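Participant: Just one file: query_5.cif, with mmCIF, C-alpha atoms.
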data_coords
loop_
_atom_site.label_atom_id
_atom_site.label_comp_id
_atom_site.auth_asym_id
_atom_site.auth_seq_id
_atom_site.Cartn_x
_atom_site.Cartn_y
_atom_site.Cartn_z
CA MET I 179 1.52 -20.29 6.98
CA LYS I 180 3.45 -17.10 6.23
CA GLN I 181 1.36 -14.02 5.37
CA VAL I 182 2.93 -11.86 2.65
CA VAL I 183 1.43 -8.82 0.90
CA LEU I 184 2.46 -7.75 -2.62
CA GLY I 185 1.82 -4.20 -3.77
CA THR I 186 1.82 -2.91 -7.32
CA ALA I 187 3.46 0.36 -8.29
CA GLY I 188 3.87 2.19 -11.58
CA HIS I 189 2.63 4.80 -14.03
CA ILE I 190 -1.03 5.11 -15.05
CA ASP I 191 -2.16 2.78 -17.84
CA HIS I 192 0.88 0.52 -17.61
CA GLY I 193 -1.34 -2.50 -17.01
CA LYS I 194 -1.22 -3.07 -13.24
CA THR I 195 -4.89 -4.03 -12.90
CA SER I 196 -4.86 -6.19 -16.06
CA LEU I 197 -1.79 -8.00 -14.73
CA ILE I 198 -3.48 -8.77 -11.40
CA ARG I 199 -6.59 -9.98 -13.23
CA ALA I 200 -4.47 -12.29 -15.41
CA LEU I 201 -2.66 -13.68 -12.34
CA THR I 202 -5.64 -14.13 -10.03
CA GLY I 203 -8.86 -13.93 -12.05
CA ILE I 204 -9.94 -11.05 -9.78
CA ASP I 205 -10.88 -7.63 -11.18
CA THR I 206 -9.64 -5.13 -8.59
CA ASP I 207 -11.48 -2.23 -10.26
CA ARG I 208 -14.78 -2.44 -8.37
CA LEU I 209 -16.11 1.12 -8.84
CA LYS I 210 -18.44 2.03 -11.73
CA GLU I 211 -16.33 5.12 -12.49
CA GLU I 212 -13.18 2.98 -12.73
CA LYS I 213 -14.78 0.69 -15.29
CA LEU I 214 -16.16 3.61 -17.32
CA ARG I 215 -12.88 5.57 -17.37
CA GLY I 216 -10.59 2.57 -17.60
CA ILE I 217 -8.32 3.81 -14.80
CA THR I 218 -7.85 2.74 -11.20
CA ILE I 219 -9.03 5.37 -8.71
CA GLU I 220 -9.22 3.48 -5.41
CA LEU I 221 -7.20 0.67 -3.85
CA GLY I 222 -8.05 -2.79 -5.12
CA PHE I 223 -7.39 -6.13 -3.46
CA ALA I 224 -6.82 -9.68 -4.66
CA HIS I 225 -5.09 -12.87 -3.59
CA MET I 226 -3.56 -15.96 -5.11
CA VAL I 227 -1.96 -19.27 -4.17
CA LEU I 228 1.61 -19.57 -5.43
CA PRO I 229 3.10 -22.82 -6.85
CA SER I 230 4.62 -23.58 -3.42
CA GLY I 231 1.21 -23.37 -1.78
CA GLU I 232 1.94 -20.03 -0.06
CA ARG I 233 -0.95 -17.55 -0.18
CA LEU I 234 -0.10 -14.07 -1.46
CA GLY I 235 -2.23 -11.03 -0.70
CA ILE I 236 -2.17 -8.31 -3.38
CA VAL I 237 -2.84 -4.56 -3.19
CA ASP I 238 -3.42 -2.84 -6.54
CA VAL I 239 -2.78 0.91 -6.39
CA PRO I 240 -3.77 3.80 -8.69
CA GLY I 241 -1.10 5.07 -11.07
CA HIS I 242 -2.52 8.54 -11.73
CA GLU I 243 -0.70 11.42 -9.98
CA ARG I 244 -4.01 12.79 -8.63
CA PHE I 245 -4.50 9.62 -6.59
CA VAL I 246 -1.03 9.34 -5.08
CA ARG I 247 -2.54 9.53 -1.57
CA HIS I 248 -4.35 6.24 -2.30
CA MET I 249 -1.10 4.74 -3.56
CA VAL I 250 0.64 5.70 -0.31
CA ALA I 251 -2.19 4.18 1.75
CA GLY I 252 -1.92 0.92 -0.19
CA ALA I 253 1.85 0.74 -0.10
CA THR I 254 2.08 1.20 3.68
CA GLY I 255 1.45 -2.45 4.60
CA ILE I 256 3.24 -4.28 1.77
CA ASP I 257 6.17 -6.68 2.11
CA ILE I 258 7.23 -6.80 -1.56
CA VAL I 259 6.52 -4.65 -4.60
CA ALA I 260 5.93 -5.36 -8.28
CA LEU I 261 7.07 -2.26 -10.18
CA VAL I 262 5.01 -2.39 -13.38
CA ILE I 263 6.48 -0.75 -16.49
CA ALA I 264 4.85 -0.95 -19.92
CA ALA I 265 7.21 -2.22 -22.60
CA ASP I 266 5.79 0.23 -25.14
CA GLU I 267 6.45 3.32 -22.95
CA GLY I 268 9.24 2.52 -20.50
CA VAL I 269 10.01 4.56 -17.36
CA MET I 270 7.51 7.41 -16.90
CA PRO I 271 6.90 10.16 -14.25
CA GLN I 272 4.78 8.05 -11.88
CA THR I 273 7.22 5.17 -12.27
CA ARG I 274 9.79 7.43 -10.63
CA GLU I 275 7.35 8.84 -8.06
CA HIS I 276 6.09 5.43 -6.95
CA MET I 277 9.64 4.12 -6.73
CA GLU I 278 10.59 7.01 -4.45
CA ILE I 279 7.53 6.37 -2.27
CA CYS I 280 8.48 2.70 -1.89
CA GLN I 281 12.00 3.72 -0.87
CA LEU I 282 10.64 6.19 1.70
CA LEU I 283 8.40 3.44 3.10
CA ARG I 284 11.46 1.18 3.45
CA VAL I 285 10.18 -1.54 1.12
CA LYS I 286 13.17 -3.86 0.77
CA LYS I 287 12.25 -6.51 -1.81
CA GLY I 288 10.51 -6.71 -5.15
CA LEU I 289 10.77 -7.22 -8.88
CA VAL I 290 9.95 -5.45 -12.12
CA VAL I 291 7.21 -6.60 -14.51
CA LEU I 292 7.50 -5.43 -18.12
CA THR I 293 3.88 -5.48 -19.30
CA LYS I 294 2.26 -5.11 -22.73
CA THR I 295 5.01 -7.03 -24.53
CA ASP I 296 2.41 -7.94 -27.16
CA LEU I 297 2.39 -4.27 -28.25
CA VAL I 298 6.09 -4.02 -29.14
CA GLU I 299 8.12 -5.29 -32.08
CA GLY I 300 9.91 -8.43 -31.01
CA PRO I 301 12.44 -9.43 -28.33
CA GLU I 302 15.00 -6.82 -29.41
CA TRP I 303 12.69 -4.01 -28.25
CA VAL I 304 12.05 -5.80 -24.95
CA GLU I 305 15.78 -6.18 -24.35
CA MET I 306 16.31 -2.48 -25.06
CA VAL I 307 13.63 -1.53 -22.50
CA LYS I 308 15.15 -3.96 -19.97
CA ASP I 309 18.50 -2.17 -20.39
CA ASP I 310 16.82 1.21 -19.74
CA VAL I 311 15.05 -0.15 -16.65
CA THR I 312 18.30 -1.67 -15.34
CA GLU I 313 19.92 1.75 -15.59
CA PHE I 314 16.94 3.39 -13.83
CA LEU I 315 17.15 0.92 -10.92
CA LYS I 316 20.82 1.58 -10.13
CA GLY I 317 21.25 2.70 -6.52
CA THR I 318 17.70 1.63 -5.52
CA PHE I 319 16.50 -1.35 -3.48
CA LEU I 320 15.43 -3.00 -6.75
CA GLU I 321 18.90 -2.91 -8.30
CA GLY I 322 19.67 -6.44 -9.50
CA SER I 323 16.07 -7.62 -9.07
CA PRO I 324 14.37 -9.79 -11.72
CA ILE I 325 12.86 -8.00 -14.73
CA ILE I 326 10.15 -10.23 -16.16
CA PRO I 327 8.44 -9.53 -19.52
CA VAL I 328 4.75 -10.51 -19.61
CA SER I 329 1.65 -10.11 -21.73
CA ALA I 330 -1.56 -10.16 -19.70
CA VAL I 331 -3.50 -10.42 -22.97
CA LYS I 332 -1.67 -13.51 -24.27
CA GLY I 333 -0.73 -14.98 -20.90
CA GLU I 334 2.95 -14.99 -21.79
CA GLY I 335 5.46 -14.80 -18.94
CA LEU I 336 2.89 -15.40 -16.16
CA ASP I 337 4.40 -18.75 -15.09
CA GLU I 338 7.85 -17.15 -14.88
CA LEU I 339 6.38 -14.30 -12.83
CA LYS I 340 4.67 -16.71 -10.41
CA ALA I 341 7.93 -18.60 -9.93
CA ALA I 342 9.81 -15.34 -9.24
CA LEU I 343 7.15 -14.24 -6.75
CA ASP I 344 7.39 -17.62 -5.02
CA LYS I 345 11.12 -17.15 -4.61
CA LEU I 346 10.64 -13.62 -3.23
CA VAL I 347 7.99 -14.74 -0.74
CA ALA I 348 10.35 -17.43 0.57
CA GLU I 349 12.88 -14.68 1.39
CA VAL I 350 10.43 -12.53 3.40
CA GLU I 351 10.80 -12.80 7.16
CA PRO I 352 7.51 -13.78 8.86
CA ARG I 353 5.83 -10.96 10.76
CA SER I 354 5.83 -11.25 14.53
CA THR I 355 2.52 -12.03 16.23
CA ASP I 356 3.75 -10.44 19.47
CA GLY I 357 2.30 -7.18 20.77
CA ALA I 358 -1.02 -5.45 20.27
CA PHE I 359 -3.27 -6.02 17.29
CA ARG I 360 -3.42 -3.12 14.83
CA LEU I 361 -5.28 -2.64 11.55
CA SER I 362 -5.43 0.63 9.61
CA VAL I 363 -8.90 0.99 8.06
CA ASP I 364 -9.08 1.49 4.30
CA ARG I 365 -12.80 0.75 3.86
CA VAL I 366 -15.85 0.96 6.13
CA PHE I 367 -19.39 0.01 5.16
CA THR I 368 -22.62 -1.49 6.42
CA MET I 369 -23.88 -4.97 5.48
CA LYS I 370 -27.57 -5.72 5.89
CA GLY I 371 -28.03 -8.18 8.72
CA PHE I 372 -24.44 -7.80 9.94
CA GLY I 373 -23.91 -4.11 10.70
CA THR I 374 -20.62 -2.24 10.45
CA VAL I 375 -17.69 -3.85 8.61
CA VAL I 376 -14.14 -2.48 8.27
CA THR I 377 -11.36 -3.78 6.05
CA GLY I 378 -7.59 -3.39 6.01
CA THR I 379 -4.30 -5.26 6.24
CA SER I 380 -3.49 -6.40 9.77
CA LEU I 381 -0.20 -4.84 10.85
CA SER I 382 0.67 -6.65 14.08
CA GLY I 383 -0.61 -8.93 16.83
CA LYS I 384 -3.50 -11.38 16.70
CA LEU I 385 -7.28 -10.90 16.84
CA ARG I 386 -10.00 -13.46 17.57
CA THR I 387 -13.77 -13.46 17.22
CA GLY I 388 -15.24 -12.07 20.43
CA ASP I 389 -12.21 -9.91 21.31
CA PRO I 390 -12.79 -6.31 22.46
CA VAL I 391 -11.27 -3.57 20.31
CA THR I 392 -10.88 0.19 20.38
CA ILE I 393 -11.19 2.41 17.31
CA TYR I 394 -8.54 5.16 17.41
CA PRO I 395 -8.15 8.13 17.51
CA GLY I 396 -11.79 8.55 18.63
CA GLU I 397 -11.40 5.76 21.23
CA HIS I 398 -14.78 4.20 20.44
CA ARG I 399 -15.16 0.74 21.91
CA SER I 400 -16.53 -2.32 20.15
CA LYS I 401 -16.30 -6.10 19.95
CA VAL I 402 -15.42 -8.46 17.10
CA ARG I 403 -18.57 -10.11 15.82
CA GLY I 404 -16.90 -11.91 12.91
CA LEU I 405 -13.69 -12.11 10.87
CA GLN I 406 -12.90 -12.83 7.24
CA VAL I 407 -9.58 -13.25 5.42
CA HIS I 408 -9.76 -13.14 1.60
CA ASN I 409 -13.56 -13.61 1.83
CA LEU I 410 -13.29 -16.75 4.00
CA GLU I 411 -14.64 -16.80 7.56
CA VAL I 412 -11.95 -17.38 10.20
CA GLN I 413 -11.77 -17.40 13.98
CA GLU I 414 -8.36 -15.71 14.25
CA VAL I 415 -6.37 -13.14 12.26
CA PHE I 416 -2.56 -12.84 12.04
CA PRO I 417 -0.22 -10.05 10.86
CA GLY I 418 -0.09 -9.41 7.13
CA GLN I 419 -3.56 -10.76 6.35
CA ARG I 420 -6.12 -8.92 4.25
CA THR I 421 -8.90 -8.72 6.85
CA ALA I 422 -12.57 -7.81 7.18
CA ILE I 423 -13.86 -7.22 10.73
CA ASN I 424 -17.57 -7.21 11.53
CA LEU I 425 -17.88 -4.88 14.53
CA GLN I 426 -20.62 -5.16 17.11
CA GLY I 427 -22.68 -2.27 18.46
CA ILE I 428 -21.02 0.65 16.65
CA GLU I 429 -22.41 3.00 14.02
CA ARG I 430 -20.73 3.13 10.64
CA LEU I 431 -20.51 6.96 10.84
CA LEU I 432 -18.23 6.75 13.90
CA ILE I 433 -15.46 5.14 11.80
CA GLN I 434 -13.62 6.53 8.79
CA ARG I 435 -10.75 5.57 6.55
CA GLY I 436 -7.47 6.13 8.37
CA ASP I 437 -8.81 5.07 11.77
CA VAL I 438 -6.95 2.24 13.52
CA ILE I 439 -8.63 -0.84 15.01
CA ALA I 440 -6.46 -1.99 17.91
CA THR I 441 -6.26 -3.84 21.19
CA PRO I 442 -7.79 -1.62 23.92
CA GLY I 443 -5.18 0.60 25.58
CA ALA I 444 -2.55 -0.05 22.90
CA LEU I 445 -2.48 3.45 21.42
CA VAL I 446 -2.76 7.10 22.45
CA ALA I 447 -4.20 9.74 20.12
CA THR I 448 -1.90 12.70 19.50
CA HIS I 449 -1.65 15.95 17.53
CA ILE I 450 2.18 16.04 17.70
CA VAL I 451 4.66 13.58 16.18
CA ASP I 452 8.46 13.70 16.28
CA VAL I 453 10.04 12.41 13.07
CA HIS I 454 13.32 11.83 11.29
CA LEU I 455 12.75 13.58 7.98
CA GLY I 456 14.44 13.01 4.64
CA LEU I 457 13.78 15.33 1.70
CA LEU I 458 14.13 13.52 -1.62
CA PRO I 459 16.96 14.60 -3.91
CA SER I 460 14.30 15.16 -6.59
CA ALA I 461 12.41 17.71 -4.46
CA PRO I 462 11.81 20.82 -6.63
CA ARG I 463 12.45 23.30 -3.82
CA PRO I 464 13.74 23.45 -0.21
CA LEU I 465 11.33 22.64 2.63
CA LYS I 466 10.85 25.74 4.77
CA ASN I 467 10.22 25.74 8.51
CA ARG I 468 6.50 25.88 9.42
CA SER I 469 5.42 24.77 5.94
CA LYS I 470 2.00 23.14 5.62
CA ILE I 471 2.28 19.47 4.64
CA ARG I 472 0.12 16.43 3.97
CA PHE I 473 0.96 13.82 6.59
CA HIS I 474 0.36 10.13 5.86
CA THR I 475 0.40 7.30 8.38
CA GLY I 476 -1.19 3.93 7.70
CA THR I 477 -4.23 4.78 5.58
CA ALA I 478 -4.74 8.22 7.18
CA GLU I 479 -3.99 11.55 5.55
CA HIS I 480 -4.08 14.82 7.49
CA ILE I 481 -2.86 18.39 7.13
CA GLY I 482 -0.01 19.40 9.42
CA THR I 483 2.70 21.98 10.02
CA ILE I 484 6.36 20.93 9.88
CA ILE I 485 8.66 22.36 12.55
CA LEU I 486 12.29 21.88 11.56
CA LEU I 487 14.54 21.29 14.58
CA GLY I 488 17.56 23.23 13.43
CA ASP I 489 17.77 25.31 10.25
CA ASP I 490 15.00 27.43 8.77
CA GLU I 491 14.89 25.25 5.66
CA MET I 492 15.88 21.78 4.49
CA LEU I 493 17.56 21.35 1.10
CA ALA I 494 16.80 18.57 -1.37
CA GLY I 495 18.61 15.36 -0.35
CA ALA I 496 19.12 16.49 3.25
CA GLU I 497 17.96 14.71 6.43
CA GLY I 498 17.20 15.86 9.95
CA PHE I 499 14.82 15.79 12.89
CA ALA I 500 11.50 17.60 12.86
CA GLN I 501 8.16 17.83 14.61
CA VAL I 502 4.79 17.55 12.89
CA ARG I 503 1.87 19.42 14.44
CA LEU I 504 -1.36 18.00 13.05
CA ASP I 505 -4.75 19.63 12.53
CA GLN I 506 -6.44 16.35 13.58
CA PRO I 507 -5.29 13.61 15.97
CA ILE I 508 -3.75 10.34 14.79
CA ALA I 509 -2.83 7.03 16.46
CA ALA I 510 0.69 5.87 15.61
CA LEU I 511 3.64 4.09 17.21
CA ARG I 512 7.39 4.64 17.16
CA GLY I 513 8.85 3.23 13.95
CA ASP I 514 5.73 3.66 11.81
#
Reformat the file's structure so that it appears as structure tokens.
Facilitator:
Amino acid sequence: MKQVVLGTAGHIDHGKTSLIRALTGIDTDRLKEEKLRGITIELGFAHMVLPSGERLGIVDVPGHERFVRHMVAGATGIDIVALVIAADEGVMPQTREHMEICQLLRVKKGLVVLTKTDLVEGPEWVEMVKDDVTEFLKGTFLEGSPIIPVSAVKGEGLDELKAALDKLVAEVEPRSTDGAFRLSVDRVFTMKGFGTVVTGTSLSGKLRTGDPVTIYPGEHRSKVRGLQVHNLEVQEVFPGQRTAINLQGIERLLIQRGDVIATPGALVATHIVDVHLGLLPSAPRPLKNRSKIRFHTGTAEHIGTIILLGDDEMLAGAEGFAQVRLDQPIAALRGD
């Protein structure tokens, strides 16, 4: 069965988490602070079975600008995106920011969900917002994609959304199982009686119970004690699956978010990465040579220095080659 991951994107308080709860019955806000404040702070995860029988993994991301690093971490492993826009507010600053992030991450497919239709005055308002969204999407990978009005409160539009998601999933090319297994860690914790557990979305290769693994960049060695996919025990994991790995004989403190669980010998830790860099047209100022930057790969975020290979600065909308010199090592591959 094909493994496809859907990611949400959109402005804070546009109803991403409520939409996922209405679709799946799963509340992706698991933290006490999230429930008290009514906003998503950390990544949330859910899953559902589509009308065709295909299983869809879902990553719910924060919409607040202060938590954009979590949004980037969640968006890294997705196949398709649901850009969520509230019908009573329309396109907002984080709508634009999240859309740009998805384009930078080369997300190629998705749709738009117009939420909170129960808060606006009739279908004429919805049509007006759809026209605004259509204009906003021109020139992006979502141009021409479905725009589906829904109300998570009333349940309206959910069947149409499921059908549209089913059609999108059918168009996604299956991920290859060739090559080394890789999983970028987004959570690590200890379970009484089991020991250290890490979670993430498997990026490539296959992993079986009993297989040896290496945790990069620290190169700590371990062995797979048990595997779960969407809370169900399995013997083997494939690319694109939301995965929990119970690791044998390793302390929880030796692993942190951003580490990569991989086949032994598959990766090499490095402080230097060569990149092809594109500066968004919306960038407020040029990027100067030797500027300090935040560097994201997988679920990791580190501070680095950008070395432009050419001019002393890069203007908004320009592209070119550069080198990133990182304060801490990472484990990445060409094409990440």
Participant: Could you name the residues that touch region 180-182 of chain I at 9 Å or less, counting all atoms listed in the file, but leaving out those on the same chain fewer than 2 positions away, as a list of chain:residue names?
Facilitator: I:Leu184, I:Glu232, I:Arg233, I:Leu234, I:Gly235, I:Ile236, I:Ile256, I:Asp257, I:Ile258, I:Val347, I:Ala348, I:Val350, I:Glu351, I:Pro352, I:Arg353, I:Phe416, I:Pro417, I:Gly418, I:Gln419
Participant: Name the closest residue to Ser380 (chain I) among the candidates I:Val407, I:Leu455, I:Val239, I:Ile326; distances are taken between atoms, counting only C-alpha atoms.
Facilitator: I:Val407
Participant: What does the distance between CA of Ala440 (chain I) and CA of Leu361 (chain I) come to in Å, to one decimal place?
Facilitator: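 Taking CA of Ala440 (chain I) as the start and CA of Leu361 (chain I) as the end point, the length is 6.5 Å.
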Participant: Show me a table, sorted first by chain and then by increasing residue number, of the residues of region 304-396 of chain I having an atom at most 7 Å from region 476-493 of chain I, each with its shortest atom pair and the distance in Å to one decimal, counting all atoms listed in the file and written as CSV.
Facilitator:
residue,atom,partner,partner_atom,distance
I:Ser362,CA,I:Gly476,CA,5.7
I:Val363,CA,I:Thr477,CA,6.5
I:Asp364,CA,I:Thr477,CA,6.0
Participant: With the file shown as input, list the residues that the PyMOL selection byres ((chain I and resi 429-438) around 10) selects, as JSON, numbers by chain.
Facilitator: {"I": [251, 359, 360, 361, 362, 363, 364, 365, 366, 367, 368, 373, 374, 375, 376, 377, 378, 391, 392, 393, 394, 395, 396, 397, 398, 425, 426, 427, 428, 439, 440, 441, 445, 474, 475, 476, 477, 478, 479, 480, 508, 509, 510]}
Participant: Create the file for the chosen residues now, containing C-alpha atoms and written as a tab-separated table (two decimals), in the frame of the given file.
Facilitator:
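The result, stored in part_16.tsv:
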chain	number	residue	atom	x	y	z
I	251	ALA	CA	-2.19	4.18	1.75
I	359	PHE	CA	-3.27	-6.02	17.29
I	360	ARG	CA	-3.42	-3.12	14.83
I	361	LEU	CA	-5.28	-2.64	11.55
I	362	SER	CA	-5.43	0.63	9.61
I	363	VAL	CA	-8.90	0.99	8.06
I	364	ASP	CA	-9.08	1.49	4.30
I	365	ARG	CA	-12.80	0.75	3.86
I	366	VAL	CA	-15.85	0.96	6.13
I	367	PHE	CA	-19.39	0.01	5.16
I	368	THR	CA	-22.62	-1.49	6.42
I	373	GLY	CA	-23.91	-4.11	10.70
I	374	THR	CA	-20.62	-2.24	10.45
I	375	VAL	CA	-17.69	-3.85	8.61
I	376	VAL	CA	-14.14	-2.48	8.27
I	377	THR	CA	-11.36	-3.78	6.05
I	378	GLY	CA	-7.59	-3.39	6.01
I	391	VAL	CA	-11.27	-3.57	20.31
I	392	THR	CA	-10.88	0.19	20.38
I	393	ILE	CA	-11.19	2.41	17.31
I	394	TYR	CA	-8.54	5.16	17.41
I	395	PRO	CA	-8.15	8.13	17.51
I	396	GLY	CA	-11.79	8.55	18.63
I	397	GLU	CA	-11.40	5.76	21.23
I	398	HIS	CA	-14.78	4.20	20.44
I	425	LEU	CA	-17.88	-4.88	14.53
I	426	GLN	CA	-20.62	-5.16	17.11
I	427	GLY	CA	-22.68	-2.27	18.46
I	428	ILE	CA	-21.02	0.65	16.65
I	439	ILE	CA	-8.63	-0.84	15.01
I	440	ALA	CA	-6.46	-1.99	17.91
I	441	THR	CA	-6.26	-3.84	21.19
I	445	LEU	CA	-2.48	3.45	21.42
I	474	HIS	CA	0.36	10.13	5.86
I	475	THR	CA	0.40	7.30	8.38
I	476	GLY	CA	-1.19	3.93	7.70
I	477	THR	CA	-4.23	4.78	5.58
I	478	ALA	CA	-4.74	8.22	7.18
I	479	GLU	CA	-3.99	11.55	5.55
I	480	HIS	CA	-4.08	14.82	7.49
I	508	ILE	CA	-3.75	10.34	14.79
I	509	ALA	CA	-2.83	7.03	16.46
I	510	ALA	CA	0.69	5.87	15.61
Participant: Closest to Ala496 (chain I) among I:Arg399, I:Arg472, I:Gly456, I:Gly288, using only C-alpha atoms?
Facilitator: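 Ranking I:Arg399, I:Arg472, I:Gly456, I:Gly288 by distance to Ala496 (chain I), first place goes to I:Gly456.
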Participant: Can you pull out the residues contacting region 272-285 of chain I? Cut-off 6 Å, using all atoms listed in the file, and skip same-chain residues under 3 positions away; I want them as a list of chain:residue names.
Facilitator: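 The neighbour list is I:Ala187, I:Gly188, I:His189, I:Val269.
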Participant: Taking only C-alpha atoms into account, which of I:Val328, I:Leu504, I:Ala444, I:Val183 comes nearest Val237 (chain I)?
Facilitator: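 Among the listed residues, I:Val183 lies closest to Val237 (chain I).
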Participant: Just checking: using all atoms listed in the file, which residue out of I:Gln501, I:Thr293, I:Thr195, I:Asn409 ends up closest to Lys332 (chain I)?
Facilitator: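 Using all atoms listed in the file, Lys332 (chain I) sits closest to I:Thr293.
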Participant: Rank nothing, just name the residue among I:Val298, I:Val331, I:Val290, I:Leu320 nearest to Arg199 (chain I), using all atoms listed in the file.
Facilitator: I:Val331
Participant: On this structure, which residues satisfy the PyMOL selection byres ((chain I and resi 291) around 9), written as a list in words?
Facilitator: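 Selection result, ordered by chain and number: Ala260, Leu261, Val262, Ile263, Ala264, Leu289, Val290, Leu292, Thr293, Pro324, Ile325, Ile326, Pro327, Val328 and Leu339 of chain I.
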Participant: Please, could N, CA, C and O atoms be added to region 429-443 of chain I and the result written as a PDB file, in the frame of the given file?
Facilitator:
ATOM      1  N   GLU I 429     -21.877   2.437  15.253  1.00  0.00           N
ATOM      2  CA  GLU I 429     -22.410   3.000  14.020  1.00  0.00           C
ATOM      3  C   GLU I 429     -21.317   3.197  12.981  1.00  0.00           C
ATOM      4  O   GLU I 429     -20.192   3.574  13.317  1.00  0.00           O
ATOM      5  N   ARG I 430     -21.677   2.977  11.739  1.00  0.00           N
ATOM      6  CA  ARG I 430     -20.730   3.130  10.640  1.00  0.00           C
ATOM      7  C   ARG I 430     -20.151   4.551  10.595  1.00  0.00           C
ATOM      8  O   ARG I 430     -18.974   4.752  10.275  1.00  0.00           O
ATOM      9  N   LEU I 431     -20.942   5.573  10.933  1.00  0.00           N
ATOM     10  CA  LEU I 431     -20.510   6.960  10.840  1.00  0.00           C
ATOM     11  C   LEU I 431     -19.450   7.330  11.877  1.00  0.00           C
ATOM     12  O   LEU I 431     -18.813   8.376  11.775  1.00  0.00           O
ATOM     13  N   LEU I 432     -19.241   6.476  12.882  1.00  0.00           N
ATOM     14  CA  LEU I 432     -18.230   6.750  13.900  1.00  0.00           C
ATOM     15  C   LEU I 432     -16.834   6.315  13.454  1.00  0.00           C
ATOM     16  O   LEU I 432     -15.840   6.571  14.141  1.00  0.00           O
ATOM     17  N   ILE I 433     -16.745   5.640  12.297  1.00  0.00           N
ATOM     18  CA  ILE I 433     -15.460   5.140  11.800  1.00  0.00           C
ATOM     19  C   ILE I 433     -15.215   5.697  10.410  1.00  0.00           C
ATOM     20  O   ILE I 433     -16.137   5.819   9.605  1.00  0.00           O
ATOM     21  N   GLN I 434     -13.969   6.047  10.127  1.00  0.00           N
ATOM     22  CA  GLN I 434     -13.620   6.530   8.790  1.00  0.00           C
ATOM     23  C   GLN I 434     -12.272   5.949   8.365  1.00  0.00           C
ATOM     24  O   GLN I 434     -11.511   5.431   9.194  1.00  0.00           O
ATOM     25  N   ARG I 435     -12.021   6.015   7.069  1.00  0.00           N
ATOM     26  CA  ARG I 435     -10.750   5.570   6.550  1.00  0.00           C
ATOM     27  C   ARG I 435      -9.613   6.287   7.265  1.00  0.00           C
ATOM     28  O   ARG I 435      -9.671   7.494   7.502  1.00  0.00           O
ATOM     29  N   GLY I 436      -8.591   5.550   7.632  1.00  0.00           N
ATOM     30  CA  GLY I 436      -7.470   6.130   8.370  1.00  0.00           C
ATOM     31  C   GLY I 436      -7.518   5.825   9.858  1.00  0.00           C
ATOM     32  O   GLY I 436      -6.493   5.904  10.535  1.00  0.00           O
ATOM     33  N   ASP I 437      -8.720   5.481  10.373  1.00  0.00           N
ATOM     34  CA  ASP I 437      -8.810   5.070  11.770  1.00  0.00           C
ATOM     35  C   ASP I 437      -8.052   3.749  11.970  1.00  0.00           C
ATOM     36  O   ASP I 437      -7.822   2.995  11.017  1.00  0.00           O
ATOM     37  N   VAL I 438      -7.692   3.460  13.211  1.00  0.00           N
ATOM     38  CA  VAL I 438      -6.950   2.240  13.520  1.00  0.00           C
ATOM     39  C   VAL I 438      -7.764   1.393  14.496  1.00  0.00           C
ATOM     40  O   VAL I 438      -8.189   1.876  15.548  1.00  0.00           O
ATOM     41  N   ILE I 439      -7.999   0.131  14.119  1.00  0.00           N
ATOM     42  CA  ILE I 439      -8.630  -0.840  15.010  1.00  0.00           C
ATOM     43  C   ILE I 439      -7.519  -1.515  15.793  1.00  0.00           C
ATOM     44  O   ILE I 439      -6.580  -2.060  15.194  1.00  0.00           O
ATOM     45  N   ALA I 440      -7.578  -1.476  17.125  1.00  0.00           N
ATOM     46  CA  ALA I 440      -6.460  -1.990  17.910  1.00  0.00           C
ATOM     47  C   ALA I 440      -6.935  -2.584  19.231  1.00  0.00           C
ATOM     48  O   ALA I 440      -8.070  -2.370  19.669  1.00  0.00           O
ATOM     49  N   THR I 441      -6.023  -3.322  19.848  1.00  0.00           N
ATOM     50  CA  THR I 441      -6.260  -3.840  21.190  1.00  0.00           C
ATOM     51  C   THR I 441      -6.507  -2.659  22.131  1.00  0.00           C
ATOM     52  O   THR I 441      -5.784  -1.652  22.075  1.00  0.00           O
ATOM     53  N   PRO I 442      -7.517  -2.730  22.998  1.00  0.00           N
ATOM     54  CA  PRO I 442      -7.790  -1.620  23.920  1.00  0.00           C
ATOM     55  C   PRO I 442      -6.565  -1.226  24.736  1.00  0.00           C
ATOM     56  O   PRO I 442      -5.835  -2.083  25.242  1.00  0.00           O
ATOM     57  N   GLY I 443      -6.308   0.082  24.804  1.00  0.00           N
ATOM     58  CA  GLY I 443      -5.180   0.600  25.580  1.00  0.00           C
ATOM     59  C   GLY I 443      -3.844   0.570  24.865  1.00  0.00           C
ATOM     60  O   GLY I 443      -2.830   1.004  25.420  1.00  0.00           O
TER      61      GLY I 443
END
